[in-house]
Structure formats: structure tokens, C-alpha cells
file model_13.txt (compact mmCIF, C-alpha atoms)
# COMPACT_ATOMS: atom_id res chain seq x y z
CA MET N 1 -210.88 -115.89 161.08
CA LYS N 2 -209.19 -116.25 157.73
CA ALA N 3 -207.68 -112.79 158.07
CA ARG N 4 -206.23 -113.63 161.47
CA PHE N 5 -204.74 -116.82 160.05
CA TRP N 6 -202.96 -114.88 157.32
CA LYS N 7 -201.72 -112.28 159.76
CA THR N 8 -200.30 -114.94 162.05
CA CYS N 9 -198.62 -116.71 159.12
CA SER N 10 -197.11 -113.44 157.90
CA LEU N 11 -195.74 -112.54 161.30
CA GLY N 12 -194.29 -116.04 161.66
CA VAL N 13 -192.56 -115.83 158.28
CA LEU N 14 -191.24 -112.38 159.11
CA GLY N 15 -189.81 -113.62 162.40
CA VAL N 16 -188.09 -116.59 160.78
CA VAL N 17 -186.63 -114.44 157.99
CA LEU N 18 -185.23 -111.90 160.45
CA LEU N 19 -183.82 -114.59 162.72
CA LEU N 20 -182.12 -116.41 159.86
CA GLY N 21 -180.80 -113.16 158.44
CA TYR N 22 -179.28 -112.01 161.69
CA SER N 23 -177.84 -115.36 162.69
CA GLY N 24 -176.38 -115.76 159.18
CA VAL N 25 -174.67 -112.39 159.30
CA ILE N 26 -173.37 -112.82 162.83
CA LEU N 27 -172.28 -116.45 162.49
CA ALA N 28 -170.29 -115.66 159.35
CA GLU N 29 -168.02 -113.31 161.34
CA THR N 30 -164.85 -114.70 162.87
CA THR N 31 -164.30 -113.28 166.33
CA ALA N 32 -161.43 -112.94 168.79
CA ALA N 33 -162.98 -115.85 170.68
CA ASP N 34 -162.45 -118.10 167.63
CA VAL N 35 -158.81 -117.02 167.45
CA GLU N 36 -158.38 -117.65 171.17
CA GLN N 37 -159.80 -121.13 170.80
CA ALA N 38 -157.50 -121.87 167.85
CA LEU N 39 -154.45 -120.58 169.77
CA GLN N 40 -155.13 -123.06 172.56
CA ALA N 41 -154.42 -125.89 170.15
CA LEU N 42 -150.84 -124.61 169.73
CA SER N 43 -149.93 -125.01 173.43
CA LEU N 44 -148.03 -121.73 173.63
CA SER N 45 -146.41 -120.35 176.76
CA GLN N 46 -147.31 -116.73 175.92
CA SER N 47 -150.69 -117.20 174.30
CA GLU N 48 -152.31 -114.48 176.44
CA LYS N 49 -149.76 -111.90 175.34
CA ILE N 50 -150.22 -112.91 171.71
CA LEU N 51 -154.00 -112.84 171.95
CA GLU N 52 -153.91 -109.42 173.58
CA ALA N 53 -151.81 -108.08 170.70
CA PHE N 54 -154.16 -109.67 168.16
CA LYS N 55 -157.15 -108.04 169.84
CA ILE N 56 -155.43 -104.65 169.62
CA GLY N 57 -154.77 -105.36 165.95
CA PHE N 58 -158.44 -106.19 165.39
CA VAL N 59 -159.63 -103.01 167.10
CA GLN N 60 -157.14 -100.83 165.21
CA GLY N 61 -157.95 -102.52 161.92
CA ASN N 62 -154.37 -103.72 161.42
CA LEU N 63 -155.39 -107.36 161.08
CA LEU N 64 -158.67 -109.17 160.60
CA PRO N 65 -159.79 -112.01 162.87
CA GLU N 66 -160.35 -114.29 159.87
CA GLU N 67 -156.80 -113.69 158.60
CA THR N 68 -155.47 -114.46 162.05
CA LEU N 69 -157.56 -117.58 162.38
CA ARG N 70 -156.26 -118.78 159.01
CA LEU N 71 -152.68 -118.21 160.15
CA VAL N 72 -153.12 -120.00 163.46
CA THR N 73 -154.92 -122.90 161.80
CA ARG N 74 -152.13 -123.29 159.23
CA LEU N 75 -149.48 -123.11 161.95
CA THR N 76 -151.32 -125.77 163.91
CA ALA N 77 -151.48 -128.07 160.90
CA VAL N 78 -147.76 -127.86 160.15
CA GLU N 79 -145.17 -129.95 161.98
CA GLY N 80 -142.68 -128.10 164.16
CA SER N 81 -141.87 -127.08 167.67
CA PRO N 82 -144.34 -124.88 169.56
CA ALA N 83 -141.43 -122.54 170.41
CA GLU N 84 -140.72 -121.85 166.73
CA LYS N 85 -144.39 -121.27 166.01
CA GLU N 86 -144.60 -118.99 169.02
CA ALA N 87 -141.60 -116.98 167.80
CA ILE N 88 -143.45 -116.20 164.55
CA LEU N 89 -146.63 -115.23 166.38
CA LEU N 90 -144.70 -113.10 168.85
CA ALA N 91 -143.01 -111.23 166.00
CA ILE N 92 -146.40 -110.46 164.43
CA ALA N 93 -147.80 -109.59 167.86
CA SER N 94 -145.00 -107.09 168.45
CA ALA N 95 -145.89 -105.32 165.20
CA LEU N 96 -149.55 -105.15 166.20
CA MET N 97 -148.66 -103.81 169.65
CA ASP N 98 -146.75 -101.08 167.83
CA SER N 99 -149.85 -100.27 165.72
CA LEU N 100 -148.23 -101.54 162.54
CA PRO N 101 -150.09 -103.36 159.75
CA GLY N 102 -150.09 -107.12 160.27
CA LYS N 103 -151.48 -108.48 157.00
CA THR N 104 -148.17 -108.29 155.17
CA LEU N 105 -146.51 -110.34 157.95
CA VAL N 106 -149.27 -112.95 157.85
CA ASP N 107 -148.82 -113.18 154.07
CA LYS N 108 -145.10 -113.77 154.46
CA THR N 109 -145.73 -116.49 157.01
CA LEU N 110 -148.37 -118.21 154.89
CA GLU N 111 -146.03 -118.16 151.90
CA GLY N 112 -143.27 -119.77 153.93
CA LEU N 113 -145.63 -122.43 155.25
CA SER N 114 -146.94 -123.14 151.79
CA ARG N 115 -143.39 -123.50 150.44
CA GLY N 116 -142.50 -125.88 153.26
CA VAL N 117 -139.80 -123.54 154.56
CA PRO N 118 -138.45 -124.40 158.05
CA LEU N 119 -140.24 -122.47 160.79
CA SER N 120 -136.99 -120.94 162.06
CA GLN N 121 -136.36 -119.41 158.63
CA ILE N 122 -139.91 -118.08 158.44
CA GLY N 123 -139.48 -116.57 161.90
CA ARG N 124 -136.27 -114.84 160.85
CA GLN N 125 -137.85 -113.35 157.72
CA VAL N 126 -140.92 -112.19 159.62
CA SER N 127 -138.68 -110.55 162.23
CA ILE N 128 -136.78 -108.68 159.51
CA ARG N 129 -140.08 -107.51 158.02
CA VAL N 130 -141.30 -106.30 161.41
CA ARG N 131 -138.06 -104.34 161.94
CA LEU N 132 -138.38 -102.86 158.45
CA LEU N 133 -141.95 -101.74 159.13
CA VAL N 134 -140.84 -100.04 162.34
CA GLU N 135 -137.85 -98.33 160.75
CA VAL N 136 -139.74 -97.18 157.65
CA ARG N 137 -142.57 -95.82 159.79
CA ASP N 138 -140.03 -93.92 161.91
CA LEU N 139 -138.26 -92.66 158.79
CA LEU N 140 -141.52 -91.20 157.48
CA TYR N 141 -142.13 -89.53 160.83
CA SER N 142 -138.62 -88.08 160.78
CA LYS N 143 -139.31 -86.67 157.32
CA GLY N 144 -142.47 -84.95 158.45
CA VAL N 145 -144.94 -87.45 157.01
CA PHE N 146 -147.49 -88.27 159.67
CA VAL N 147 -150.74 -90.12 160.26
CA ALA N 148 -153.54 -87.60 160.28
CA THR N 149 -155.81 -87.42 163.27
CA GLU N 150 -159.22 -85.79 163.11
CA GLY N 151 -159.14 -82.24 161.81
CA GLN N 152 -155.61 -82.30 160.43
CA ALA N 153 -155.60 -81.41 156.77
CA ALA N 154 -152.05 -80.79 155.60
CA SER N 155 -150.60 -82.65 152.63
CA SER N 156 -148.04 -84.38 154.86
CA PHE N 157 -150.72 -85.68 157.24
CA LEU N 158 -152.06 -88.82 155.63
CA LEU N 159 -155.06 -90.90 156.55
CA PRO N 160 -154.02 -94.10 158.38
CA VAL N 161 -154.83 -96.31 155.39
CA ARG N 162 -152.69 -94.21 153.04
CA PHE N 163 -149.84 -93.91 155.52
CA ASP N 164 -149.87 -97.69 156.07
CA LEU N 165 -149.78 -98.34 152.33
CA LEU N 166 -146.56 -96.35 152.06
CA VAL N 167 -145.01 -98.11 155.04
CA ILE N 168 -146.03 -101.55 153.77
CA HIS N 169 -144.71 -101.07 150.24
CA ILE N 170 -141.46 -99.33 151.13
CA ALA N 171 -140.70 -101.96 153.79
CA ASP N 172 -141.70 -104.78 151.44
CA ALA N 173 -139.53 -103.46 148.60
CA LEU N 174 -136.53 -103.21 150.92
CA GLY N 175 -137.24 -106.65 152.39
CA GLU N 176 -137.37 -108.28 148.97
CA TYR N 177 -134.21 -106.49 147.94
CA LEU N 178 -132.40 -107.87 150.99
CA GLU N 179 -133.83 -111.37 150.48
CA GLY N 180 -132.51 -111.26 146.94
CA TRP N 181 -129.00 -110.64 148.33
CA GLY N 182 -128.96 -106.99 147.32
CA SER N 183 -126.18 -104.93 148.91
CA PRO N 184 -127.44 -103.20 152.06
CA LEU N 185 -124.77 -100.52 151.67
CA ASP N 186 -125.82 -99.29 148.25
CA GLY N 187 -128.24 -96.48 149.02
CA PHE N 188 -128.79 -95.63 145.37
CA LEU N 189 -129.90 -99.15 144.56
CA LEU N 190 -132.18 -99.12 147.60
CA GLU N 191 -133.69 -95.86 146.41
CA GLU N 192 -134.21 -97.29 142.94
CA VAL N 193 -135.98 -100.32 144.35
CA VAL N 194 -138.33 -98.16 146.39
CA HIS N 195 -138.83 -95.72 143.54
CA LEU N 196 -139.74 -98.54 141.15
CA ARG N 197 -142.20 -100.11 143.55
CA LEU N 198 -144.02 -96.87 144.37
CA SER N 199 -144.06 -95.75 140.75
CA LYS N 200 -145.76 -98.96 139.67
CA LEU N 201 -148.45 -98.51 142.31
CA LYS N 202 -148.81 -94.77 141.84
CA GLY N 203 -152.36 -93.76 141.04
CA VAL N 204 -153.58 -97.35 141.20
CA VAL N 205 -153.11 -98.42 144.80
CA ILE N 206 -151.28 -95.44 146.31
CA PRO N 207 -152.47 -91.90 145.58
CA VAL N 208 -150.12 -89.99 143.25
CA GLU N 209 -149.58 -87.14 145.72
CA ASP N 210 -148.51 -89.55 148.48
CA VAL N 211 -145.91 -91.18 146.24
CA GLU N 212 -144.57 -87.80 145.15
CA LEU N 213 -144.49 -86.55 148.73
CA VAL N 214 -142.45 -89.51 149.94
CA LEU N 215 -140.09 -89.73 146.99
CA ALA N 216 -139.31 -86.04 147.38
CA ARG N 217 -138.42 -86.47 151.04
CA ILE N 218 -136.43 -89.71 151.28
CA GLY N 219 -133.10 -90.30 149.64
CA PRO N 220 -130.41 -92.98 149.29
CA ALA N 221 -128.76 -92.15 152.61
CA ASP N 222 -132.07 -92.46 154.50
CA LEU N 223 -132.81 -95.87 153.06
CA ALA N 224 -129.29 -97.15 153.64
CA ARG N 225 -129.62 -96.04 157.27
CA VAL N 226 -132.94 -97.88 157.61
CA VAL N 227 -131.46 -101.11 156.28
CA ARG N 228 -128.34 -100.77 158.42
CA GLU N 229 -130.49 -100.28 161.54
CA VAL N 230 -132.52 -103.38 160.75
CA LEU N 231 -129.48 -105.56 160.14
CA ASP N 232 -127.69 -104.25 163.22
CA GLN N 233 -130.67 -105.00 165.44
CA LEU N 234 -130.97 -108.45 163.93
CA SER N 235 -127.30 -109.29 164.47
CA GLU N 236 -127.52 -107.99 168.06
CA ARG N 237 -130.52 -110.24 168.63
CA THR N 238 -128.75 -113.24 167.10
CA THR N 239 -125.67 -112.57 169.23
CA SER N 240 -127.71 -112.27 172.42
CA LEU N 241 -129.56 -115.48 171.62
CA SER N 242 -126.34 -117.41 171.00
CA GLU N 243 -124.80 -116.17 174.28
CA MET V 1 -230.31 -101.95 95.59
CA ARG V 2 -232.83 -101.16 98.30
CA GLY V 3 -230.37 -102.46 100.90
CA ASP V 4 -227.65 -100.18 99.58
CA ASN V 5 -229.91 -97.15 99.98
CA LEU V 6 -230.77 -98.15 103.51
CA GLU V 7 -227.10 -98.53 104.44
CA GLU V 8 -226.27 -95.17 102.93
CA ALA V 9 -229.12 -93.56 104.85
CA LEU V 10 -227.87 -95.07 108.13
CA LYS V 11 -224.34 -93.81 107.51
CA ASP V 12 -225.72 -90.28 106.88
CA VAL V 13 -227.61 -90.36 110.18
CA LEU V 14 -224.51 -91.59 112.04
CA ARG V 15 -222.29 -88.95 110.43
CA HIS V 16 -224.76 -86.28 111.49
CA GLU V 17 -224.97 -87.60 115.06
CA VAL V 18 -221.16 -87.79 115.40
CA SER V 19 -220.68 -84.26 114.02
CA VAL V 20 -223.22 -82.91 116.50
CA LYS V 21 -221.91 -84.84 119.54
CA ALA V 22 -218.18 -84.77 118.69
CA PRO V 23 -217.33 -81.70 120.83
CA HIS V 24 -218.85 -83.48 123.84
CA LEU V 25 -216.75 -86.58 123.28
CA GLU V 26 -213.46 -84.69 123.49
CA GLY V 27 -211.65 -85.43 126.77
CA LEU V 28 -214.42 -87.84 127.79
CA GLU V 29 -211.99 -90.42 129.24
CA GLU V 30 -210.17 -87.85 131.34
CA ARG V 31 -213.44 -86.41 132.62
CA ILE V 32 -214.70 -89.85 133.66
CA VAL V 33 -211.45 -90.69 135.44
CA ALA V 34 -211.42 -87.34 137.24
CA GLU V 35 -215.01 -87.76 138.34
CA LEU V 36 -214.40 -91.29 139.61
CA GLU V 37 -211.37 -90.11 141.57
CA GLY V 38 -213.48 -87.38 143.11
CA ARG V 39 -216.11 -89.85 144.20
CA LEU V 40 -213.68 -92.38 145.71
CA PRO V 41 -213.26 -92.02 149.49
CA LYS V 42 -209.75 -90.82 150.50
CA ARG V 43 -207.81 -93.68 152.16
CA GLY V 44 -205.72 -92.68 155.17
CA LEU V 45 -202.73 -94.52 156.64
CA VAL V 46 -204.92 -96.44 159.04
CA GLU V 47 -207.23 -97.49 156.23
CA THR V 48 -204.28 -98.59 154.13
CA LEU V 49 -202.93 -100.69 156.99
CA LYS V 50 -206.39 -102.16 157.54
CA GLN V 51 -206.56 -103.01 153.88
CA LEU V 52 -203.21 -104.80 154.17
CA GLY V 53 -204.67 -106.85 156.99
CA ALA V 54 -207.73 -107.84 154.97
CA PRO V 55 -207.71 -111.35 153.56
CA THR V 56 -207.92 -110.39 149.89
CA ARG V 57 -205.40 -111.60 147.33
CA GLY V 58 -204.06 -108.08 146.75
CA ALA V 59 -203.73 -107.50 150.44
CA ARG V 60 -201.80 -110.73 150.93
CA LEU V 61 -199.40 -109.71 148.20
CA GLY V 62 -199.06 -106.38 149.99
CA GLN V 63 -198.27 -108.19 153.23
CA LEU V 64 -195.57 -110.25 151.55
CA ALA V 65 -194.06 -107.15 149.98
CA VAL V 66 -193.94 -105.41 153.37
CA ILE V 67 -192.37 -108.49 154.99
CA GLY V 68 -189.78 -108.76 152.24
CA ALA V 69 -188.89 -105.08 152.37
CA THR V 70 -188.62 -105.17 156.17
CA ALA V 71 -186.38 -108.23 156.04
CA VAL V 72 -184.10 -106.60 153.49
CA VAL V 73 -183.89 -103.42 155.57
CA PHE V 74 -183.07 -105.42 158.71
CA LEU V 75 -180.42 -107.45 156.91
CA LEU V 76 -178.81 -104.31 155.50
CA VAL V 77 -178.86 -102.60 158.89
CA GLY V 78 -177.51 -105.77 160.52
CA THR V 79 -174.68 -106.06 158.03
CA PHE V 80 -173.87 -102.39 158.48
CA LEU V 81 -173.80 -102.72 162.27
CA VAL V 82 -171.62 -105.84 162.17
CA GLY V 83 -169.17 -103.99 159.96
CA ARG V 84 -169.09 -100.95 162.26
CA ALA V 85 -169.75 -102.00 165.80
CA PRO V 86 -166.83 -103.43 167.78
CA PHE V 87 -169.21 -105.33 170.02
CA LEU V 88 -170.30 -107.36 167.01
CA GLY V 89 -166.76 -108.22 166.06
CA GLY V 90 -166.34 -105.40 163.59
CA GLY V 91 -164.37 -102.28 164.44
CA PRO V 92 -162.36 -100.16 162.06
CA ASN V 93 -161.09 -102.24 159.19
CA LYS V 94 -158.27 -100.69 157.23
CA THR V 95 -157.84 -103.81 155.14
CA ALA V 96 -161.43 -103.69 154.01
CA THR V 97 -161.16 -99.98 153.30
CA MET V 98 -158.13 -100.58 151.14
CA SER V 99 -159.77 -103.28 149.10
CA ALA V 100 -162.95 -101.26 148.87
CA VAL V 101 -160.95 -98.66 146.96
CA ALA V 102 -160.45 -101.20 144.23
CA GLU V 103 -163.55 -103.33 144.05
CA SER V 104 -163.85 -103.40 140.30
CA GLY V 105 -161.93 -106.68 139.97
CA ASN V 106 -160.01 -107.45 136.79
CA ALA V 107 -160.07 -111.06 135.63
CA VAL V 108 -156.38 -111.92 135.42
CA LEU V 109 -155.35 -114.80 133.20
CA PHE V 110 -152.80 -117.21 134.61
CA LEU V 111 -151.33 -119.43 131.94
CA MET V 112 -148.81 -122.23 132.31
CA PRO V 113 -147.58 -124.53 129.53
CA ALA V 114 -147.17 -127.94 131.15
CA PRO V 115 -147.74 -130.78 128.66
CA GLY V 116 -148.25 -134.12 130.35
CA ALA V 117 -148.76 -132.62 133.81
CA GLN V 118 -151.30 -134.23 136.09
CA SER V 119 -152.12 -131.10 138.05
CA VAL V 120 -151.25 -127.43 137.84
CA THR V 121 -152.21 -124.87 140.47
CA VAL V 122 -151.35 -121.28 141.24
CA VAL V 123 -150.54 -120.07 144.73
CA GLY V 124 -150.05 -116.47 145.73
CA ASN V 125 -150.86 -113.70 148.13
CA PHE V 126 -154.27 -113.36 146.49
CA ASN V 127 -155.34 -116.80 147.73
CA ASP V 128 -153.35 -116.95 150.97
CA TRP V 129 -150.83 -119.19 149.20
CA GLU V 130 -153.38 -121.97 148.90
CA ALA V 131 -153.76 -123.77 145.60
CA THR V 132 -156.19 -122.53 142.97
CA PRO V 133 -156.35 -125.14 140.20
CA LEU V 134 -155.65 -124.38 136.54
CA SER V 135 -157.45 -126.42 133.89
CA ASP V 136 -156.55 -127.82 130.50
CA ASP V 137 -159.95 -128.73 129.07
CA ASP V 138 -158.80 -129.21 125.47
CA GLY V 139 -155.74 -131.26 126.47
CA ASP V 140 -153.26 -129.10 124.56
CA GLY V 141 -150.93 -128.83 127.54
CA ILE V 142 -151.70 -125.17 128.18
CA TRP V 143 -153.17 -124.82 131.65
CA THR V 144 -155.18 -121.71 132.43
CA ALA V 145 -157.17 -120.05 135.16
CA SER V 146 -158.87 -116.68 135.15
CA ILE V 147 -158.93 -115.11 138.59
CA PRO V 148 -160.66 -111.80 139.41
CA LEU V 149 -158.22 -109.52 141.24
CA SER V 150 -158.56 -105.97 142.49
CA PRO V 151 -155.90 -103.50 141.40
CA GLY V 152 -152.67 -104.12 143.28
CA ARG V 153 -149.41 -106.04 143.35
CA TYR V 154 -149.58 -109.80 143.51
CA GLU V 155 -146.85 -112.37 144.15
CA TYR V 156 -147.43 -115.91 142.99
CA ALA V 157 -145.96 -119.14 141.72
CA PHE V 158 -147.25 -122.13 139.79
CA VAL V 159 -147.14 -125.60 141.28
CA VAL V 160 -146.81 -128.28 138.61
CA ASP V 161 -147.28 -131.80 139.95
CA GLY V 162 -146.18 -130.59 143.37
CA ARG V 163 -143.13 -128.69 142.09
CA TRP V 164 -142.94 -124.89 142.47
CA TRP V 165 -142.38 -122.80 139.37
CA GLY V 166 -141.84 -119.16 140.26
CA GLN V 167 -140.82 -117.69 136.91
CA ASP V 168 -143.93 -117.04 134.86
CA PRO V 169 -142.96 -115.57 131.46
CA LEU V 170 -146.04 -113.33 131.67
CA ALA V 171 -144.96 -111.82 134.99
CA ASP V 172 -144.12 -108.13 135.36
CA GLU V 173 -141.16 -108.91 137.58
CA TYR V 174 -139.60 -111.61 139.75
CA VAL V 175 -138.54 -111.54 143.36
CA ARG V 176 -136.47 -113.85 145.53
CA SER V 177 -138.44 -115.16 148.45
CA PHE V 178 -137.25 -117.81 150.89
CA GLY V 179 -134.39 -118.60 148.55
CA ASP V 180 -136.62 -119.19 145.53
CA PHE V 181 -138.30 -117.11 142.84
CA SER V 182 -141.80 -115.73 142.88
CA SER V 183 -143.52 -113.99 139.99
CA VAL V 184 -145.16 -110.61 140.38
CA ARG V 185 -148.10 -109.08 138.52
CA TYR V 186 -149.29 -105.52 138.83
CA VAL V 187 -153.03 -105.43 138.23
CA GLY V 188 -154.82 -102.23 137.32
CA ARG V 189 -152.05 -100.27 135.66
CA ALA V 190 -153.16 -98.81 132.33
CA GLY V 191 -153.36 -101.64 129.80
CA GLU V 192 -151.84 -104.22 132.10
CA GLY V 193 -152.82 -107.03 134.35
CA ALA V 194 -156.06 -108.14 132.83
call {"tool": "encode", "arguments": {"input": "model_13.txt", "output": "C-alpha cells"}}
result
Amino acid sequence: MKARFWKTCSLGVLGVVLLLGYSGVILAETTAADVEQALQALSLSQSEKILEAFKIGFVQGNLLPEETLRLVTRLTAVEGSPAEKEAILLAIASALMDSLPGKTLVDKTLEGLSRGVPLSQIGRQVSIRVRLLVEVRDLLYSKGVFVATEGQAASSFLLPVRFDLLVIHIADALGEYLEGWGSPLDGFLLEEVVHLRLSKLKGVVIPVEDVELVLARIGPADLARVVREVLDQLSERTTSLSE
Amino acid sequence: MRGDNLEEALKDVLRHEVSVKAPHLEGLEERIVAELEGRLPKRGLVETLKQLGAPTRGARLGQLAVIGATAVVFLLVGTFLVGRAPFLGGGPNKTATMSAVAESGNAVLFLMPAPGAQSVTVVGNFNDWEATPLSDDDGDGIWTASIPLSPGRYEYAFVVDGRWWGQDPLADEYVRSFGDFSSVRYVGRAGEGA
């Protein structure tokens, strides 16, 4: 009788522990459904398109649901027109649709929001950063640096994480240079900026061989072309919007 | 005197007995243990489980240990599955992989001289640009906070009584962002950051 009592108690305790453990682990995770719910509060006209892009970003590991939820929550809390908020989200969504890393764009947006920068200005900066990510990614492709798929083991085929790190930091260095009113025509300065950034992260965040591979393959003319492309596209967009 | 003789005689007898029996005493403990082990019935898996089910104190402790171990295993497996399985909201996570490369975490000191300030915080891309407060416990006007950061590049600014201050003298470099300055620290380079 006593033995049965103890067995029952033990099984009960075990059940409760497992239930609490599982529910704790699962409840702590932010999901796409949470992001969808938060997006509804923004009253966007293209929320489905944005959500779809976010979901692709989640699956590809280019953005985390909790980062996205934080962004949407902060955008909801700030005053401004839904159209301007949507423009920022659409810019980030376009990067995710293109399989580009989204965290750096979310960071830029959160910084702008925290500084109290007008939403239109944040949107413009995020758009520049998206264009830079695209152009830098394409530049690496054109120089024979690729994302490795399963089974590829050449030095110029990098794992997605390592490839993304290069794209993020080169694009970020160029973006900061442009934000600081650096001349977009001076390829040597652009190269120096990129060289400095990668050198400081070499062996700490970015593997040494990746930095050496990229620095050996891109030069001043390549970087000047990247920046020119970005600015041209931006001015075309501004012109078409004003027409 | 008679007592002394008696004691001496007893000691002689004991010495003799010990010298005669000493070879038999060698390894006595091991022999006893071995014999006891040989006499004990071998306990199979079923017997062991039955013993765990018995209402003795040892068995109850055994039950608790099994429950605890099972719970830990389930939690670990659950956490692993949530991190891996898309249906549980996981999926491949490049961000996590990147930060996993640098989990060691250096405590980085943020220091801002601001005598007379009411509040000093630091905002940056390590805290999603949300305020982390600095403290000035001794009231000397030097506000500090020590924040553990993985190796990497961090942009930040101080906010002193609501006013942004983007040029930290301890920064590795400065960048212009949204028309204002931000400080930059590189954490993890040899001899720097921490």
C-alpha cells in the first residue's frame, strides 16, 4: 500500500516536472504567429507580404523572430505614419526575400528609433544599407567568392555564416563611410575603410583566411563601382517617387 | 610486584599468539569481503527495478534520482529540438551560430565622467539601443557599468540626463550615424576591449 503510494507520488512529480519543463521551453520561444499579431497593430497595407518575407528570413536564419518582434513593437510604440513605418519594414523584407542578413538592418532601425530620428530618414538609411548588402554580395560573387553548398570544399566557397559576415561588415563599413560624408568617388579611401574594418575583425570575428581572400580580390575600383551603383539606384528611386 | 609479573606474563602469551596467527591475519579483510560478495545473490535489472519500487528510504532516494535524471534528459532533448526543428519555431539560426563562436564574454567597462548628472545610461547595438544604466555608487561623478560582451564590434553612445554623448574617450573609433557621432569598441582583439 505504502509502496503504491510512493510510486504514484513519484509518477505525479515526474509528470509535473516534464510538463513544466516543456511548456517553459516552448513558451519562451517567439514565433512567427507572435510577429504576425504584432504586425496587425501597425495597420499596414502590405502586412502579408512583409510577414511572408519575415517567415523566409526565420527559416533561412537571416533574422530571429524575437528580433523582429522587438522591431515591430518599437515601431508600434513610436509616433509616425503607417506608410513610413511600412517603408522601413518593406526595405527589410526585400533584403530577407533576397536571402540577405536582416539583423544589421534591424539594428540600424532600432538605433534611429532610439535617437528619435524621423521615420523617413530611417527608411532612407535602411534602404541604402539594403542596396549595399545586395551590391557587396554580388561583388563577392563576381570575384569568385561564393556560399558553399553541401560537399563544396574550396577556399573560395564559404559557409553561409562566414560569407554573411563578410557581406555585413563590408557593406556596413561602406555605409558608415557614406553617412560620414565620405567621397563616393574615392576608391582608395573606400578600400582603406574596408581594409581597416576587416583587419580589426580578422581572427576574432571573421576567420583570417576569409579576410585575406577578400582583400586580395577586391580593389578600389570595385568598391567605387559598388557605391556608385547604390547611389545611382537611390537617386533613380527618389526621382521616380517625386514624379 | 606480583601484578607486574602477571601483566608481563600476559603480554608474553599475546606476543606468542600473534606471532603464530599473524600469517593467517594477512589479507583477512579482503578475504571476508570477497567471500561476502560471493554469497550475495546477483541482482538483475528486474530485481534492481523492483528494489527501486520498494518503499525503503534508499529506494525512494533512487526513485527521486531517476525522476530528476529523466527530467533533465527530457529538458535537454526538448531544448535541442526547439533549437533545431522548424515546427517548434527553430530552424537554422545563423545569428545564434555566429554568437556561439564567441561565447566567452568579456566584461567591458563603460565609463563616463558626468559630475552632477541625475542619470547616465549606455545605448548600443549590444542592447538593441535600449538604455543600460551606469552607476556612481561613491558619488565621485564617474559613472560606470561593466557589461559582458562577446568578441565583436560594438557601436554605442552614452545618454546623460537624456542627452546623447557619442564620443567616448575610451572608444576605438567614432562613426557618424544619423548625423551624429557614435563610439565604437572592438571586443576580443588581443589586449583590448575588456
call {"tool": "residues_around", "arguments": {"input": "model_13.txt", "residues": "Gln40 in chain N", "least_positions_apart": "4", "cutoff": "12 Å", "atoms": "all atoms listed in the file", "output": "PyMOL selection string"}}
result
chain N and resi 33-36+44-48+50-51+69+72-73+76+82+86
call {"tool": "atom_distance", "arguments": {"input": "model_13.txt", "atom1": "CA of Arg163 in chain V", "atom2": "CA of Val130 in chain N"}}
result
29.6 Å
call {"tool": "closest_residue", "arguments": {"input": "model_13.txt", "among": "V:Tyr186, V:Phe158, V:Ala107, V:Val122", "to": "Ala171 in chain V", "atoms": "all atoms listed in the file"}}
result
V:Tyr186
call {"tool": "atom_distance", "arguments": {"input": "model_13.txt", "atom1": "CA of Val147 in chain N", "atom2": "CA of Gly57 in chain N"}}
result
16.8 Å
call {"tool": "residues_near_point", "arguments": {"input": "model_13.txt", "point": "(-147.7, -117.9, 150.7)", "cutoff": "8 Å", "atoms": "all atoms listed in the file", "output": "number ranges by chain"}}
result
N: 107-115; V: 123-125, 128-130, 156
call {"tool": "atom_distance", "arguments": {"input": "model_13.txt", "atom1": "CA of Gly141 in chain V", "atom2": "CA of Gly188 in chain V"}}
result
28.6 Å
